[in-house]
Structure formats: C-alpha cells, structure tokens
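File shown here: run26.cif, holding mmCIF, C-alpha atoms.
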```cif
data_target
loop_
_atom_site.group_PDB
_atom_site.id
_atom_site.type_symbol
_atom_site.label_atom_id
_atom_site.label_comp_id
_atom_site.auth_asym_id
_atom_site.auth_seq_id
_atom_site.Cartn_x
_atom_site.Cartn_y
_atom_site.Cartn_z
ATOM 1 C CA MET A 1 148.299 121.706 114.504
ATOM 2 C CA ASP A 2 145.900 124.316 113.140
ATOM 3 C CA ILE A 3 142.302 123.609 112.100
ATOM 4 C CA ASN A 4 143.184 123.136 108.404
ATOM 5 C CA ASP A 5 145.804 120.540 109.238
ATOM 6 C CA LYS A 6 143.325 118.724 111.521
ATOM 7 C CA VAL A 7 140.695 118.671 108.772
ATOM 8 C CA GLU A 8 143.220 117.358 106.243
ATOM 9 C CA ALA A 9 144.438 114.658 108.634
ATOM 10 C CA VAL A 10 141.000 113.317 109.483
ATOM 11 C CA THR A 11 139.911 113.480 105.828
ATOM 12 C CA ASN A 12 142.932 111.496 104.700
ATOM 13 C CA ALA A 13 142.286 108.919 107.430
ATOM 14 C CA ILE A 14 138.680 108.423 106.288
ATOM 15 C CA LEU A 15 139.665 108.241 102.605
ATOM 16 C CA ALA A 16 142.287 105.624 103.463
ATOM 17 C CA ASP A 17 139.593 103.655 105.289
ATOM 18 C CA TYR A 18 137.653 103.374 102.000
ATOM 19 C CA THR A 19 140.464 101.324 100.421
ATOM 20 C CA LYS A 20 139.952 98.176 102.532
ATOM 21 C CA GLY A 21 137.673 96.434 100.054
ATOM 22 C CA ARG A 22 134.738 95.882 102.426
ATOM 23 C CA ASP A 23 131.056 96.096 101.487
ATOM 24 C CA VAL A 24 130.785 99.464 103.266
ATOM 25 C CA ASP A 25 133.635 100.834 101.123
ATOM 26 C CA HIS A 26 131.575 100.762 97.895
ATOM 27 C CA MET A 27 132.028 104.136 96.154
ATOM 28 C CA ASP A 28 130.167 103.895 92.808
ATOM 29 C CA VAL A 29 127.139 106.000 93.691
ATOM 30 C CA PHE A 30 125.988 106.144 90.056
ATOM 31 C CA ASN A 31 125.784 102.345 89.709
ATOM 32 C CA GLN A 32 122.709 101.941 91.902
ATOM 33 C CA PRO A 33 119.168 103.346 91.768
ATOM 34 C CA ASP A 34 118.787 106.892 93.054
ATOM 35 C CA ASN A 35 116.614 106.895 96.179
ATOM 36 C CA GLN A 36 115.400 110.468 95.663
ATOM 37 C CA GLU A 37 114.494 109.723 92.049
ATOM 38 C CA ILE A 38 112.524 106.649 93.142
ATOM 39 C CA ILE A 39 110.610 108.778 95.661
ATOM 40 C CA SER A 40 109.872 111.291 92.910
ATOM 41 C CA ILE A 41 108.556 108.487 90.690
ATOM 42 C CA ILE A 42 106.359 107.198 93.547
ATOM 43 C CA LYS A 43 104.791 110.624 93.925
ATOM 44 C CA LYS A 44 104.083 110.789 90.197
ATOM 45 C CA LEU A 45 102.612 107.291 90.275
ATOM 46 C CA LEU A 46 100.290 108.381 93.092
ATOM 47 C CA ASN A 47 99.128 111.183 90.827
ATOM 48 C CA ILE A 48 98.256 108.568 88.204
ATOM 49 C CA MET A 49 96.575 106.323 90.756
ATOM 50 C CA PHE A 50 94.482 109.169 92.238
ATOM 51 C CA PRO A 51 94.420 111.884 89.544
ATOM 52 C CA GLY A 52 92.102 114.163 91.497
ATOM 53 C CA TYR A 53 94.012 114.059 94.778
ATOM 54 C CA TYR A 54 97.758 114.383 94.253
ATOM 55 C CA ARG A 55 99.504 117.234 92.496
ATOM 56 C CA VAL A 56 102.812 117.275 90.648
ATOM 57 C CA ARG A 57 103.538 120.974 90.600
ATOM 58 C CA ALA A 58 106.103 120.674 87.821
ATOM 59 C CA PHE A 59 103.328 119.760 85.378
ATOM 60 C CA ARG A 60 100.589 122.318 84.807
ATOM 61 C CA SER A 61 97.881 122.121 82.184
ATOM 62 C CA TYR A 62 94.311 123.237 81.698
ATOM 63 C CA ASN A 63 93.588 119.867 80.108
ATOM 64 C CA ASP A 64 93.650 116.936 82.560
ATOM 65 C CA ASN A 65 94.317 114.386 79.832
ATOM 66 C CA ASN A 66 97.351 116.340 78.650
ATOM 67 C CA ARG A 67 98.608 116.671 82.228
ATOM 68 C CA ILE A 68 98.295 112.941 82.882
ATOM 69 C CA ALA A 69 99.908 112.092 79.545
ATOM 70 C CA VAL A 70 102.945 114.214 80.402
ATOM 71 C CA ILE A 71 103.263 112.587 83.847
ATOM 72 C CA ILE A 72 103.020 109.080 82.348
ATOM 73 C CA GLU A 73 105.724 109.911 79.818
ATOM 74 C CA ASP A 74 107.906 111.320 82.587
ATOM 75 C CA ILE A 75 107.435 108.154 84.673
ATOM 76 C CA ILE A 76 108.374 105.939 81.732
ATOM 77 C CA TYR A 77 111.483 107.985 80.933
ATOM 78 C CA ASN A 78 112.827 108.185 84.491
ATOM 79 C CA LEU A 79 111.773 104.737 85.679
ATOM 80 C CA LYS A 80 113.429 103.189 82.616
ATOM 81 C CA LYS A 81 116.762 104.734 83.631
ATOM 82 C CA GLN A 82 116.442 103.512 87.219
ATOM 83 C CA VAL A 83 115.374 100.000 86.212
ATOM 84 C CA ALA A 84 118.307 99.765 83.781
ATOM 85 C CA ILE A 85 120.684 100.533 86.646
ATOM 86 C CA ALA A 86 118.940 98.056 88.941
ATOM 87 C CA LEU A 87 119.109 95.254 86.354
ATOM 88 C CA SER A 88 122.897 95.246 86.634
ATOM 89 C CA PHE A 89 122.408 93.556 90.031
ATOM 90 C CA ARG A 90 120.903 90.482 88.332
ATOM 91 C CA GLU A 91 123.343 87.901 87.029
ATOM 92 C CA GLU A 92 121.740 87.555 83.598
ATOM 93 C CA TYR A 93 122.139 91.279 82.891
ATOM 94 C CA LYS A 94 125.651 91.846 84.255
ATOM 95 C CA ASP A 95 127.459 91.248 80.966
ATOM 96 C CA MET A 96 125.036 93.306 78.893
ATOM 97 C CA SER A 97 125.959 96.712 77.563
ATOM 98 C CA LYS A 98 124.267 99.807 78.936
ATOM 99 C CA GLU A 99 122.170 100.038 75.759
ATOM 100 C CA GLU A 100 121.023 96.422 76.071
ATOM 101 C CA ARG A 101 119.993 96.964 79.690
ATOM 102 C CA LEU A 102 118.099 100.090 78.680
ATOM 103 C CA ASP A 103 116.223 98.072 76.040
ATOM 104 C CA ALA A 104 115.379 95.402 78.619
ATOM 105 C CA ALA A 105 114.324 98.083 81.115
ATOM 106 C CA GLU A 106 112.074 99.692 78.520
ATOM 107 C CA ASP A 107 110.191 96.416 77.995
ATOM 108 C CA ILE A 108 109.778 95.982 81.753
ATOM 109 C CA VAL A 109 108.584 99.551 82.312
ATOM 110 C CA PHE A 110 106.000 99.385 79.523
ATOM 111 C CA GLU A 111 104.739 96.087 80.939
ATOM 112 C CA PHE A 112 104.502 97.711 84.385
ATOM 113 C CA VAL A 113 102.731 100.854 83.175
ATOM 114 C CA GLY A 114 100.332 98.684 81.194
ATOM 115 C CA ARG A 115 99.292 97.022 84.455
ATOM 116 C CA ILE A 116 98.304 100.302 86.147
ATOM 117 C CA PRO A 117 94.582 100.088 85.235
ATOM 118 C CA ALA A 118 94.411 96.632 86.870
ATOM 119 C CA ILE A 119 96.314 97.904 89.926
ATOM 120 C CA ARG A 120 93.908 100.847 90.215
ATOM 121 C CA ALA A 121 90.944 98.465 90.094
ATOM 122 C CA VAL A 122 92.302 96.546 93.111
ATOM 123 C CA VAL A 123 93.189 99.753 94.987
ATOM 124 C CA ASN A 124 89.595 100.864 94.483
ATOM 125 C CA THR A 125 88.482 97.744 96.375
ATOM 126 C CA ASP A 126 90.897 98.663 99.167
ATOM 127 C CA LEU A 127 89.409 102.148 99.333
ATOM 128 C CA GLN A 128 85.936 100.631 99.633
ATOM 129 C CA ALA A 129 87.142 98.277 102.386
ATOM 130 C CA PHE A 130 88.594 101.208 104.335
ATOM 131 C CA PHE A 131 85.335 103.108 104.051
ATOM 132 C CA ASP A 132 83.129 100.148 104.944
ATOM 133 C CA GLY A 133 85.379 99.124 107.821
ATOM 134 C CA ASP A 134 85.885 102.441 109.584
ATOM 135 C CA PRO A 135 82.836 104.352 110.884
ATOM 136 C CA ALA A 136 85.168 107.271 111.670
ATOM 137 C CA ALA A 137 85.637 107.829 107.921
ATOM 138 C CA GLU A 138 83.167 110.472 106.827
ATOM 139 C CA PHE A 139 84.179 110.630 103.172
ATOM 140 C CA LYS A 140 86.260 108.459 100.842
ATOM 141 C CA GLU A 141 88.231 111.606 100.055
ATOM 142 C CA GLU A 142 89.301 111.653 103.701
ATOM 143 C CA ILE A 143 90.698 108.149 103.331
ATOM 144 C CA VAL A 144 92.697 108.968 100.195
ATOM 145 C CA LEU A 145 94.125 112.154 101.671
ATOM 146 C CA CYS A 146 94.658 111.111 105.284
ATOM 147 C CA TYR A 147 94.862 107.366 105.879
ATOM 148 C CA PRO A 148 98.374 105.909 106.073
ATOM 149 C CA GLY A 149 97.044 102.406 105.445
ATOM 150 C CA LEU A 150 95.705 103.254 102.010
ATOM 151 C CA LEU A 151 98.950 105.026 101.099
ATOM 152 C CA ALA A 152 100.988 102.001 102.202
ATOM 153 C CA ILE A 153 98.901 99.410 100.357
ATOM 154 C CA THR A 154 98.776 101.539 97.192
ATOM 155 C CA ILE A 155 102.561 101.871 97.056
ATOM 156 C CA ASN A 156 102.891 98.186 97.908
ATOM 157 C CA ARG A 157 100.607 97.125 95.072
ATOM 158 C CA LEU A 158 102.698 99.158 92.621
ATOM 159 C CA ALA A 159 105.941 97.774 94.036
ATOM 160 C CA HIS A 160 104.548 94.224 93.955
ATOM 161 C CA GLU A 161 104.140 94.382 90.181
ATOM 162 C CA LEU A 162 107.765 95.462 89.756
ATOM 163 C CA PHE A 163 108.737 92.636 92.122
ATOM 164 C CA LEU A 164 106.843 90.167 89.922
ATOM 165 C CA LEU A 165 108.723 91.576 86.922
ATOM 166 C CA LYS A 166 111.948 90.670 88.775
ATOM 167 C CA VAL A 167 113.227 94.231 89.101
ATOM 168 C CA PRO A 168 115.934 94.292 91.805
ATOM 169 C CA LEU A 169 116.114 96.884 94.607
ATOM 170 C CA ILE A 170 113.464 99.319 93.385
ATOM 171 C CA PRO A 171 110.400 97.505 94.830
ATOM 172 C CA ARG A 172 112.058 97.446 98.271
ATOM 173 C CA MET A 173 113.018 101.099 97.954
ATOM 174 C CA MET A 174 109.372 101.892 97.226
ATOM 175 C CA THR A 175 107.949 99.949 100.156
ATOM 176 C CA GLU A 176 110.613 101.278 102.525
ATOM 177 C CA TYR A 177 109.554 104.791 101.527
ATOM 178 C CA ALA A 178 105.991 103.816 102.459
ATOM 179 C CA HIS A 179 107.331 102.301 105.691
ATOM 180 C CA SER A 180 109.110 105.539 106.586
ATOM 181 C CA ARG A 181 105.971 107.555 105.876
ATOM 182 C CA THR A 182 103.412 105.315 107.591
ATOM 183 C CA GLY A 183 105.108 102.904 110.008
ATOM 184 C CA ILE A 184 103.644 100.036 107.944
ATOM 185 C CA ASP A 185 106.188 97.499 106.683
ATOM 186 C CA ILE A 186 104.880 95.309 103.846
ATOM 187 C CA HIS A 187 107.404 93.452 101.719
ATOM 188 C CA PRO A 188 106.704 93.901 97.982
ATOM 189 C CA GLY A 189 106.791 90.120 97.564
ATOM 190 C CA ALA A 190 103.692 89.601 99.724
ATOM 191 C CA THR A 191 100.597 88.477 97.816
ATOM 192 C CA ILE A 192 97.561 90.438 99.005
ATOM 193 C CA GLY A 193 93.989 89.987 97.785
ATOM 194 C CA GLU A 194 91.238 92.507 97.195
ATOM 195 C CA TYR A 195 89.461 94.631 99.826
ATOM 196 C CA PHE A 196 92.455 94.757 102.183
ATOM 197 C CA PHE A 197 91.932 97.043 105.182
ATOM 198 C CA MET A 198 94.518 98.158 107.745
ATOM 199 C CA ASP A 199 92.904 100.064 110.596
ATOM 200 C CA HIS A 200 95.297 102.682 112.035
ATOM 201 C CA GLY A 201 98.155 100.661 110.584
ATOM 202 C CA THR A 202 101.190 101.719 112.600
ATOM 203 C CA GLY A 203 103.503 98.801 113.359
ATOM 204 C CA ILE A 204 101.973 96.316 110.915
ATOM 205 C CA VAL A 205 104.570 93.952 109.426
ATOM 206 C CA VAL A 206 103.862 91.620 106.492
ATOM 207 C CA GLY A 207 106.681 89.351 105.330
ATOM 208 C CA GLU A 208 107.834 88.551 101.814
ATOM 209 C CA THR A 209 106.156 85.162 101.326
ATOM 210 C CA SER A 210 102.892 86.007 103.079
ATOM 211 C CA VAL A 211 99.704 85.189 101.194
ATOM 212 C CA ILE A 212 96.639 87.195 102.218
ATOM 213 C CA GLY A 213 93.173 86.564 100.819
ATOM 214 C CA ASN A 214 90.248 88.851 100.087
ATOM 215 C CA HIS A 215 88.365 90.972 102.634
ATOM 216 C CA VAL A 216 91.060 90.726 105.303
ATOM 217 C CA LYS A 217 91.100 93.316 108.090
ATOM 218 C CA VAL A 218 94.266 93.958 110.098
ATOM 219 C CA TYR A 219 94.731 96.287 113.058
ATOM 220 C CA GLN A 220 97.827 98.152 114.243
ATOM 221 C CA GLY A 221 100.834 96.282 115.573
ATOM 222 C CA VAL A 222 100.084 92.992 113.806
ATOM 223 C CA THR A 223 102.982 90.844 112.595
ATOM 224 C CA ILE A 224 102.520 88.334 109.787
ATOM 225 C CA GLY A 225 106.047 87.059 109.888
ATOM 226 C CA ALA A 226 108.601 84.267 109.847
ATOM 227 C CA LEU A 227 108.818 81.836 112.740
ATOM 228 C CA SER A 228 112.605 81.876 112.579
ATOM 229 C CA THR A 229 115.228 83.392 110.291
ATOM 230 C CA LYS A 230 118.265 81.777 111.892
ATOM 231 C CA GLY A 231 118.795 79.865 108.649
ATOM 232 C CA GLY A 232 119.699 83.154 106.997
ATOM 233 C CA GLN A 233 120.281 83.085 103.245
ATOM 234 C CA ARG A 234 119.567 79.329 103.125
ATOM 235 C CA LEU A 235 115.900 80.261 103.552
ATOM 236 C CA ARG A 236 115.825 82.400 100.411
ATOM 237 C CA GLY A 237 112.915 81.303 98.234
ATOM 238 C CA VAL A 238 111.332 79.208 101.016
ATOM 239 C CA LYS A 239 107.809 80.093 102.152
ATOM 240 C CA ARG A 240 108.533 81.505 105.603
ATOM 241 C CA HIS A 241 105.386 83.533 106.262
ATOM 242 C CA PRO A 242 101.737 82.594 106.909
ATOM 243 C CA THR A 243 98.737 82.279 104.656
ATOM 244 C CA ILE A 244 95.708 84.308 105.752
ATOM 245 C CA GLU A 245 92.533 83.179 104.027
ATOM 246 C CA ASP A 246 89.477 85.257 103.078
ATOM 247 C CA ASN A 247 87.391 87.277 105.544
ATOM 248 C CA VAL A 248 89.864 87.090 108.429
ATOM 249 C CA THR A 249 90.134 89.814 111.076
ATOM 250 C CA ILE A 250 93.370 90.187 113.054
ATOM 251 C CA TYR A 251 93.260 92.514 116.052
ATOM 252 C CA SER A 252 96.060 94.697 117.372
ATOM 253 C CA GLY A 253 99.306 93.224 118.586
ATOM 254 C CA ALA A 254 98.720 89.709 117.269
ATOM 255 C CA SER A 255 101.685 87.767 115.858
ATOM 256 C CA ILE A 256 101.070 85.055 113.277
ATOM 257 C CA LEU A 257 104.284 83.280 112.297
ATOM 258 C CA GLY A 258 105.572 80.523 110.057
ATOM 259 C CA GLY A 259 105.301 79.416 106.455
ATOM 260 C CA ASP A 260 103.159 76.390 107.323
ATOM 261 C CA THR A 261 100.698 78.454 109.361
ATOM 262 C CA ILE A 262 97.285 78.942 107.735
ATOM 263 C CA VAL A 263 94.542 81.048 109.276
ATOM 264 C CA GLY A 264 91.314 79.627 107.904
ATOM 265 C CA LYS A 265 88.706 81.817 106.275
ATOM 266 C CA GLY A 266 86.255 83.666 108.461
ATOM 267 C CA SER A 267 88.462 83.485 111.556
ATOM 268 C CA VAL A 268 89.015 86.240 114.121
ATOM 269 C CA ILE A 269 92.370 86.523 115.862
ATOM 270 C CA GLY A 270 92.227 88.459 119.124
ATOM 271 C CA SER A 271 94.669 91.090 120.344
ATOM 272 C CA ASN A 272 98.150 89.942 121.414
ATOM 273 C CA ALA A 273 97.609 86.343 120.293
ATOM 274 C CA PHE A 274 100.810 84.473 119.378
ATOM 275 C CA ILE A 275 100.077 81.890 116.703
ATOM 276 C CA THR A 276 102.551 79.444 115.168
ATOM 277 C CA THR A 277 100.157 76.660 114.102
ATOM 278 C CA SER A 278 97.259 76.629 111.682
ATOM 279 C CA VAL A 279 93.814 77.847 112.695
ATOM 280 C CA PRO A 280 90.659 76.142 111.314
ATOM 281 C CA GLU A 281 88.023 78.077 109.404
ATOM 282 C CA ASN A 282 85.655 80.289 111.392
ATOM 283 C CA SER A 283 87.747 80.085 114.553
ATOM 284 C CA ARG A 284 87.806 82.658 117.330
ATOM 285 C CA ILE A 285 91.227 82.923 118.954
ATOM 286 C CA SER A 286 91.702 85.048 122.057
ATOM 287 C CA ILE A 287 93.959 85.398 125.066
ATOM 288 C CA ARG A 288 92.256 84.702 128.379
ATOM 289 C CA ASN A 289 91.845 87.974 130.236
ATOM 290 C CA ARG A 290 93.910 88.417 133.350
ATOM 291 C CA GLU A 291 92.024 89.210 136.524
ATOM 292 C CA LEU A 292 91.489 92.920 137.020
ATOM 293 C CA VAL A 293 91.801 94.177 140.595
ATOM 294 C CA PHE A 294 90.018 97.412 141.424
ATOM 295 C CA GLY A 295 90.929 99.537 144.398
ATOM 296 C CA THR A 296 90.891 103.128 145.607
ATOM 297 C CA MET A 297 93.759 105.550 145.909
ATOM 298 C CA ASN A 298 93.636 105.042 149.699
ATOM 299 C CA ASP A 299 94.227 101.277 149.533
#
```
For this file, produce the structure as structure tokens.
Amino acid sequence: MDINDKVEAVTNAILADYTKGRDVDHMDVFNQPDNQEIISIIKKLLNIMFPGYYRVRAFRSYNDNNRIAVIIEDIIYNLKKQVAIALSFREEYKDMSKEERLDAAEDIVFEFVGRIPAIRAVVNTDLQAFFDGDPAAEFKEEIVLCYPGLLAITINRLAHELFLLKVPLIPRMMTEYAHSRTGIDIHPGATIGEYFFMDHGTGIVVGETSVIGNHVKVYQGVTIGALSTKGGQRLRGVKRHPTIEDNVTIYSGASILGGDTIVGKGSVIGSNAFITTSVPENSRISIRNRELVFGTMND
C-alpha cells in the first residue's frame, strides 16, 4: 500500500468514526461561538477599559474619541453575532429564528455595553487595591501593563456581567482565556466586591457560587472552592462555594471549601490552612509550625 492509499484509509476510518452519534462527534462548527473571535473581543474590551494602555492596531485615528467610538461599534457588531449563536444553547431561544435571536442578542449587548462605565469604576478600585497592597509596585501603570491579577479580575468583571445577563458559553470562554494567560481561574458566576487584590495570583481558584466582599486580599495558590462535587449535575444552582466577608486576607496555599462556610470580616487565614467550617469575625487561623531541625553538612 503506497502513502496515498494509507492516507485515504486512515482518513476514511476517522470520518466513519464521526458517524457514531456521540458528543465528541459534533460537526457543526458554525453553530457555536468562535473562540478566536471571543479573544479578539476581549482585547478590544481591554482597550475600552484602559484606553491609554492597550492598542488595537486595526483602528488608527488622530482623535482618541473617534478611535474609541469605532472600537465600541466593532465590539457591538461582533459580540452581537457571537451572543446570537450562544443563545441557541438556551431552551427559550431554540425555536426562534436567526433574526429573532439576533434581535435578542442586540438587546443583551447594548445592556452589557451600557454597564461598562460601572465596571470600569469597580476595576479602578481593584487597581487601587493592587497599588496599596504591593510595595513592589512602583507605578499604577506597571500594574495595568504587567500584573496578571489585574488582567484576570478585569476580564472576570466583564464576563460576570454577561453571566448575569444569562449569556451561555461566552462568559466561560472569556474567563478561561484569562485562566490560560494568568493561571488564575475565577468562574464568571462568582460575586466579587470592590478593592479585590490578588498578589502574584498563579493558582488561585474561585468557584461559581463564591461570594467575596470588599477589600479582600488573596495570595497565590488559594482555593475558594466546593467541598464536594460528587453530586454532579444535581448540585447545579446550589451554593457550593464559600462566602468571604470584607477585609479578609487569605495567604498562599489555603483552601476554603463549602457553600455553608463563611469567613468573617477582618479575618486572616494563614498559608496552607484547610477550612471547611465557618470562621468568626476577626479570627486568625494558622497551621502550627512543624519543628525545624538545623544541622551541618557533616552531620
């Protein structure tokens, strides 16, 4: 058998495998949001969020207002198309025509874009929290341009609004892009207050039903997660993740789990703590240090 015959044989075998009717055999690539288009929209949204920091090279203008206006119009046009596709995954939109879904998507997108000034106001508090909380930050510009935590929370706050507007898929696609860029995994359903600061950030996980108050500081490797997910889909809609009240600090490696778990305001959770029950206000939780044994290389 020559190489062409081998290629044809293996191709036919794979194509035949697609006919088994399994979830992995889905072929309609145009009936789901385009991941690359969502990433492009995120980058344009970042330009709107921080107009003096991010560039969209496709749009050039001597007038900043004109440049921003063009980017906003582009976001509305392209996000509307992606939202219309995503709406087909919701039961109440399945029987609608394409035109009806586009009309519904247009209303959602204009509602979302109208919320951007309020989102920017909260992100500005995050930026202040990063600056106040990290003595290594010399300038706020350094935080905007360099800090993965601010990038992750900014994208999350945008995605959260789309989540609240009940847009399927796209909010998760947005936060998973942030996850891939930063190593920070925040579900778009999480409710996060003002002045949120993630120091270093890598490995932080925040679950869907988490509620986080104002002025909360979280270090790398922290998990704010579910105590157990063995119930699977039966747990959908149930509060599975903790509530973290105002002015709480959670140090690296700590795990706080469970929907009934509340960390009271003003508390400090030490590194590597494993918490599955509520913590009173103004508590200090730490793991008792193991004994350190010092010796010399000759011992």
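Taking only C-alpha atoms into account, Gly270 (chain A) lies nearest to A:Arg284 out of the set A:Arg90, A:Arg22, A:Arg284, A:Lys80.
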Quick one: which residues end up in the PyMOL selection byres ((chain A and resi 143) around 12) for this structure, as a count of residues only? 32
Contacts of region 221-227 of chain A within 7 Å, only C-alpha atoms, excl. fewer than 2 positions in-chain, as a compact mmCIF listing (two decimals) with C-alpha atoms, in the coordinates of the input:
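As a result, result04.txt now contains:
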```txt
# COMPACT_ATOMS: atom_id res chain seq x y z
CA THR A 202 101.19 101.72 112.60
CA GLY A 203 103.50 98.80 113.36
CA ILE A 204 101.97 96.32 110.92
CA VAL A 205 104.57 93.95 109.43
CA VAL A 206 103.86 91.62 106.49
CA GLY A 207 106.68 89.35 105.33
CA VAL A 218 94.27 93.96 110.10
CA TYR A 219 94.73 96.29 113.06
CA THR A 229 115.23 83.39 110.29
CA ARG A 240 108.53 81.50 105.60
CA HIS A 241 105.39 83.53 106.26
CA PRO A 242 101.74 82.59 106.91
CA SER A 252 96.06 94.70 117.37
CA GLY A 253 99.31 93.22 118.59
CA ALA A 254 98.72 89.71 117.27
CA SER A 255 101.68 87.77 115.86
CA ILE A 256 101.07 85.06 113.28
CA LEU A 257 104.28 83.28 112.30
CA GLY A 258 105.57 80.52 110.06
CA GLY A 259 105.30 79.42 106.46
```
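Residue nearest Asp185 (chain A) within the list A:Leu164, A:Ile212, A:Ile153, A:Ala121: A:Ile153 [criterion: smallest interatomic distance, all atoms listed in the file].
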Evaluate the PyMOL selection byres ((chain A and resi 75) around 12) on the structure here and hand back the selected residues as number ranges by chain. A: 37-48, 56, 68-74, 76-83, 106, 109-110, 112-113
